[in-house]
Amino acid sequence: MSIPQSGGGPIERFEQLAEYMEEGCKPREDWRIGTEHEKFGYCEDSLLPLPYDGPRSVKAMLEGLRDAFGWEAVLEQDNLIGLTKDGANISLEPGGQLELSGAPLENIHQTCDEVNEHLREVHQVADKIGARFIGLGAAPIWTHEQMPLMPKGRYKLMNDYMQTVGTHGTQMMRRTCTVQVNLDFASEADMVQKMRVALALQPVATALFANSPFFEGKPNGHKSWRSRIWRSLDAARTGMVPFVFEDGMGFQRWVDYVLDVPMYFVYRDGHYINALGQSFRDFLKGELPALPGEKPTLSDWADHMTTVFPEARVKKYIEMRGADGGPWRRLCALPALWVGLLYDQSALDAAWDLVKGWDVETREGLRVGASVQGLEAEAGGVKMKALAREVLEIAEAGLKARARPGAAGLIPDETHFLDALKETVDSGKTPADELLEHYHGDWNGDLTRIYAEYSY
């Protein structure tokens, strides 16, 4: 989840809303890669989730990282709720999931170094307090009541609202984890092409990274329960946003969509003010019931943009949101997949050629199928496994064309970061399939085995 946005002055013209997004346009040489990943923390002896406070807790983890590795504290109402250093942030998801929002980096080699350094720091602090962390798409055993809600005003408001819309919102908040990558665009047209490819192929990422076949102690019938949760969360702010594929898509069309999404809050002086269900359009007119007579700033607009959750999201960059959290190799593979597809024009054109003929039903069918069946999904005559293989070939070609070397030039490009995904397609087994094999095989239905065998 996002932290409060800052630095935006008053909104004096309606056009500023789209201009805010347009400011994200960058020349190719300035494109960067920002990788985010979440993980569940738990007590090593009891296997229960970490509470917020106490000697073995989320707060103790943040304090340990701050004190040992030079991170600066982020506070809300005197509660330690995050850390920041060198362009990166460590933040808390609603159920205490620990998230690294990485710095904007030039290549995947740097991204993987960042991931490994972060996990090393987390492991070192966790060892001292008797904690462990695991990368999965959904909490495999814990119930809603066992998951603490972090002391952030945003989450309290969202928690209340999620219980009035959809059926799975509080599950998403407390019991899911993802890995995502944030990528740049050069122009409005470039943003549109990238968004269309990102949305159409997000189900491929869901299938390749499917890693949540368990929920509340047993198999749930899905390869990605995290993806299933998002389908029944809040129809006003989730999904495949079909209008992106229609004529007229651009910054202003995205603004219109976000303006139609009901508000959660307004952030003022360290406090989240309840604006649940209210309209940002009314806010622009100075008619917001939560703040009568007051008009929004660009920071308010930036905050509101973080409350829409489609499968791919535009702000001043594009977020790829379809993948389950997982083991460390896949934390490097996810940015490699999307950088390969979107950061080389030939690869981007090839990816668009692959999907441009699909209709709304095919895109949604693949989304649902990826959640339930993983690589065995099929919709509109498109078979997921064959599609995934073709997508990986395009991504590999894109990474080769980028030719970003690593290891002081000893590694010629970034293609090896796709190896974990190529192995998945070759075997036909997603991480979820491997977990289910263990559960029905050598684990003999003992799901607690997942902690010892799959923690970082």
# chains A, B, ... in the order shown; residues from 1 in each chain; ligands from 1
call {"tool": "closest_atom_pairs", "arguments": {"of": "region 294-346 of chain A", "to": "region 391-403 of chain A", "cutoff": "6 Å", "atoms": "only C-alpha atoms", "output": "CSV"}}
result
residue,atom,partner,partner_atom,distance
A:Leu337,CA,A:Ala395,CA,5.8
A:Gly340,CA,A:Ala395,CA,4.0
A:Leu341,CA,A:Ala395,CA,4.6
A:Asp344,CA,A:Gly398,CA,5.3
call {"tool": "select_by_dssp", "arguments": {"residues": "region 116-293 of chain A", "states": "strand (DSSP E or B)", "output": "list in words"}}
result
Ala131, Arg132, Phe133, Ile134, Ala138, Thr176, Thr178, Val179, Gln180, Val181, Asn182, Leu183, Ser212, Phe214, Phe215, Lys218, Pro219, Ser224, Thr238, Gly239, Phe265, Val266, Tyr267, Arg268, His271, Tyr272, Ile273 and Asn274 of chain A
call {"tool": "closest_atom_pairs", "arguments": {"of": "region 190-308 of chain A", "to": "region 74-80 of chain A", "cutoff": "12 Å", "atoms": "only C-alpha atoms", "output": "tab-separated table"}}
result
residue	atom	partner	partner_atom	distance
A:Tyr267	CA	A:Glu76	CA	11.4
A:Arg268	CA	A:Glu76	CA	11.7
A:Asp269	CA	A:Gln77	CA	10.0
A:Gly270	CA	A:Glu76	CA	6.5
A:His271	CA	A:Gln77	CA	7.9
A:Tyr272	CA	A:Glu76	CA	10.1
call {"tool": "write_last_selection", "arguments": {"atoms": "N, CA and C atoms", "output": "short mmCIF file (atom, residue, chain, number, x, y, z; two decimals), in the first residue's frame"}}
result
data_model
loop_
_atom_site.label_atom_id
_atom_site.label_comp_id
_atom_site.auth_asym_id
_atom_site.auth_seq_id
_atom_site.Cartn_x
_atom_site.Cartn_y
_atom_site.Cartn_z
N TYR A 267 -5.81 13.16 3.47
CA TYR A 267 -4.73 13.17 4.46
C TYR A 267 -4.39 14.62 4.82
N ARG A 268 -4.50 14.94 6.11
CA ARG A 268 -4.22 16.29 6.58
C ARG A 268 -3.48 16.26 7.91
N ASP A 269 -2.32 16.89 7.95
CA ASP A 269 -1.58 17.08 9.20
C ASP A 269 -1.39 15.77 9.97
N GLY A 270 -0.99 14.74 9.22
CA GLY A 270 -0.72 13.47 9.87
C GLY A 270 -1.93 12.62 10.18
N HIS A 271 -3.12 13.06 9.76
CA HIS A 271 -4.35 12.32 10.04
C HIS A 271 -5.07 11.97 8.73
N TYR A 272 -5.70 10.80 8.72
CA TYR A 272 -6.56 10.40 7.61
C TYR A 272 -8.00 10.77 7.95
#
call {"tool": "atom_distance", "arguments": {"atom1": "CA of Asn89 (chain A)", "atom2": "CA of His123 (chain A)"}}
result
17.2 Å
call {"tool": "residues_around", "arguments": {"residues": "Cys25 (chain A)", "least_positions_apart": "4", "cutoff": "7 Å", "atoms": "only C-alpha atoms", "output": "list in words"}}
result
Phe185, Ala186 and Ser187 of chain A
call {"tool": "residues_around", "arguments": {"residues": "Ala207 (chain A)", "least_positions_apart": "6", "cutoff": "8 Å", "atoms": "only C-alpha atoms", "output": "NGL selection string"}}
result
:A and (223-224 or 323 or 370-371 or 373-375 or 384 or 430)
